[in-house]
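Asker: So that we are looking at the same thing, I have put the structure below in structure tokens.
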Amino acid sequence: GENVEQHPSTLSVQEGDSAVIKCTYSDSASNYFPWYKQELGKRPQLIIDIRSNVGEKKDQRIAVTLNKTAKHFSLHITETQPEDSAVYFCAAAHRYNFNKFYFGSGTKLNVKP
Amino acid sequence: DVKVTQSSRYLVKRTGEKVFLECVQDMDHENMFWYRQDPGLGLRLIYFSYDVKMKEKGDIPEGYSVSREKKERFSLILESASTNQTSMYLCASSFGREGEKLFFGSGTQLSVL
């Protein structure tokens, strides 16, 4: 089955700096890659996603890039703010096994004011 | 707004007890999921259902069963709870067949003593 690895497990940045979280996946048939944010004590929520037919997607301060050849995708957060502090999960979904998401182990992002 | 409601926020049970975790969604979503969240392991899929009375095993189904008698409700059953099932359990739902956004419940923290 699919194996999604996520790095780093923790990330500490100064407010205003950029943060990058990276994920790799093993199954070349995976075609959907969402990112979820989980604030302390709250439920995970989708913040951005990308499908395999595009290489990059942006939404204000966040962006996701996908390299299908290397089988990795990354989350980029620019101009970080304290409210960006949370655990971020990447995931991959297989086109022939719809809606079965494989999640990474999570990255705890701490943005220091 | 989609609402996914889990019946209990915290639950304490004894080893060997039968445990029911209930999840209800109000958006007529076809797909429902049970995940287990453990520190450093991300979210692992226990079971999912893509239709009433339909269920499929996820990555860690051992020790669990599920029931989906109505479209809006998906129950997770621990037939005989064990201490290694102490965890945060997250229910989620989604619409459609190809990599759709997951809507999560707020989670049930289960402690098995």
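Following the order of the structure tokens, first chain is A, next is B, and so on, with residues numbered from 1 inside each chain and ligands from 1 in the order they appear.
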List as a VMD selection string the protein and nucleic acid residues near Leu110 in chain B, meaning an atom at most 10 Å away when only C-alpha atoms are counted, but skip any in the same chain fewer than 4 places from it.
Answerer: chain B and resid 8 to 13 19 21 83 85 to 89
Asker: Kindly provide the residues of chain B that approach chain A to within 10 Å, each paired with its closest atom pair and their distance in Å to one decimal, based on only C-alpha atoms, listed by chain and increasing number, as a Markdown table.
Answerer:
```
| residue | atom | partner | partner_atom | distance |
| --- | --- | --- | --- | --- |
| B:Asn31 | CA | A:Asn99 | CA | 8.0 |
| B:Met32 | CA | A:Asn99 | CA | 9.5 |
| B:Phe33 | CA | A:Lys100 | CA | 9.1 |
| B:Gln37 | CA | A:Ser105 | CA | 9.5 |
| B:Asp38 | CA | A:Ser105 | CA | 9.0 |
| B:Pro39 | CA | A:Ser105 | CA | 8.0 |
| B:Gly40 | CA | A:Ser105 | CA | 5.4 |
| B:Leu41 | CA | A:Ser105 | CA | 4.7 |
| B:Gly42 | CA | A:Ser105 | CA | 3.8 |
| B:Leu43 | CA | A:Phe103 | CA | 5.8 |
| B:Arg44 | CA | A:Phe103 | CA | 7.0 |
| B:Leu45 | CA | A:Tyr102 | CA | 7.8 |
| B:Tyr47 | CA | A:Lys100 | CA | 9.7 |
| B:Phe48 | CA | A:Lys100 | CA | 8.1 |
| B:Ser49 | CA | A:Asn99 | CA | 9.9 |
| B:Tyr50 | CA | A:Asn99 | CA | 8.9 |
| B:Glu56 | CA | A:Lys100 | CA | 9.9 |
| B:Gly58 | CA | A:Lys100 | CA | 7.9 |
| B:Asp59 | CA | A:Gly1 | CA | 9.2 |
| B:Leu90 | CA | A:Arg43 | CA | 8.2 |
| B:Cys91 | CA | A:Arg43 | CA | 9.8 |
| B:Ala92 | CA | A:Pro44 | CA | 9.7 |
| B:Ser93 | CA | A:Asn99 | CA | 9.9 |
| B:Ser94 | CA | A:Asn99 | CA | 8.1 |
| B:Phe95 | CA | A:Asn99 | CA | 9.3 |
| B:Gly96 | CA | A:Asn99 | CA | 8.4 |
| B:Arg97 | CA | A:Phe98 | CA | 5.7 |
| B:Glu98 | CA | A:Phe98 | CA | 5.2 |
| B:Gly99 | CA | A:Asn99 | CA | 5.1 |
| B:Glu100 | CA | A:Asn99 | CA | 6.8 |
| B:Lys101 | CA | A:Leu46 | CA | 6.9 |
| B:Leu102 | CA | A:Leu46 | CA | 7.3 |
| B:Phe103 | CA | A:Gln45 | CA | 7.1 |
| B:Phe104 | CA | A:Arg43 | CA | 6.0 |
| B:Gly105 | CA | A:Arg43 | CA | 6.3 |
| B:Ser106 | CA | A:Arg43 | CA | 4.9 |
| B:Gly107 | CA | A:Arg43 | CA | 7.0 |
```
Asker: Residues within 9 Å of Leu75 in chain A, please, as a ChimeraX atom specification. Count only C-alpha atoms; anything in the same chain fewer than 4 positions from it doesn't count.
Answerer: /A:19-23,35,48,62-65,90
Asker: What is the distance, in Å and to one decimal place, between CA of Glu15 in chain A and CA of Thr80 in chain A?
Answerer: 5.3 Å
Asker: For Ser85 in chain A, list every protein, DNA or RNA residue within 10 Å, evaluated using only C-alpha atoms, and leave out those in the same chain fewer than 4 positions away; present the list as a list in words.
Answerer: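 Residues near the query, excluding close chain neighbours: Leu11, Ser12, Val13, Lys37, Gln38, Glu39, Leu40, Thr80, Gln81, Lys108, Leu109, Asn110, Val111 and Lys112 of chain A.
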Asker: Generate a file of the selected residues that holds N, CA and C atoms, formatted as a short mmCIF file (atom, residue, chain, number, x, y, z; two decimals), in the first residue's frame.
Answerer:
```
data_model
loop_
_atom_site.label_atom_id
_atom_site.label_comp_id
_atom_site.auth_asym_id
_atom_site.auth_seq_id
_atom_site.Cartn_x
_atom_site.Cartn_y
_atom_site.Cartn_z
N LEU A 11 8.89 21.97 13.82
CA LEU A 11 9.48 23.10 13.11
C LEU A 11 9.19 24.36 13.89
N SER A 12 10.23 25.10 14.19
CA SER A 12 10.07 26.33 14.94
C SER A 12 10.62 27.47 14.10
N VAL A 13 9.80 28.49 13.88
CA VAL A 13 10.22 29.64 13.06
C VAL A 13 9.84 30.93 13.77
N LYS A 37 -4.72 21.09 8.65
CA LYS A 37 -4.18 21.81 9.80
C LYS A 37 -5.00 21.45 11.02
N GLN A 38 -4.32 21.10 12.11
CA GLN A 38 -5.02 20.78 13.34
C GLN A 38 -4.49 21.66 14.46
N GLU A 39 -5.28 22.63 14.87
CA GLU A 39 -4.91 23.46 16.01
C GLU A 39 -5.14 22.67 17.29
N LEU A 40 -4.47 23.09 18.34
CA LEU A 40 -4.50 22.35 19.60
C LEU A 40 -5.94 22.16 20.09
N THR A 80 4.84 33.89 8.16
CA THR A 80 4.15 33.14 9.21
C THR A 80 3.68 34.05 10.34
N GLN A 81 2.55 33.64 10.93
CA GLN A 81 1.94 34.38 12.04
C GLN A 81 1.72 33.40 13.19
N LYS A 108 4.61 19.49 13.77
CA LYS A 108 4.17 20.51 14.73
C LYS A 108 4.93 21.80 14.43
N LEU A 109 4.21 22.80 13.96
CA LEU A 109 4.80 24.10 13.64
C LEU A 109 4.58 25.07 14.79
N ASN A 110 5.66 25.66 15.23
CA ASN A 110 5.58 26.67 16.27
C ASN A 110 6.10 27.99 15.71
N VAL A 111 5.24 29.00 15.70
CA VAL A 111 5.66 30.32 15.21
C VAL A 111 5.84 31.23 16.42
N LYS A 112 7.09 31.64 16.61
CA LYS A 112 7.41 32.45 17.78
C LYS A 112 7.19 33.93 17.48
#
```
Asker: Of the candidates B:Cys23, B:Asn84, B:Val112, B:Lys57, which shows the shortest atom-to-atom distance to Glu72 in chain B, using only C-alpha atoms?
Answerer: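 Smallest distance to Glu72 in chain B is found for B:Cys23.
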Asker: For a test of reading the model, state the distance in Å between CA of Ala86 in chain A and CA of Glu30 in chain B, rounded to one decimal.
Answerer: 29.4 Å
Asker: Where in range 34-112 of chain B does DSSP assign strand (DSSP E or B), given as a PyMOL selection string?
Answerer: chain B and resi 34-38+42-49+56-57+64-70+73-78+87-94+103-104+108-112
Asker: Identify, on the basis of only C-alpha atoms, every residue whose closest approach to Glu69 in chain B does not exceed 10 Å; exclude the query and any residue fewer than 6 positions from it along the same chain; express the result as a VMD selection string.
Answerer: chain B and resid 51 to 54 75
Asker: Using Å and a single decimal, report how far CA of Gln6 in chain B sits from CA of Val4 in chain A.
Answerer: 27.3 Å
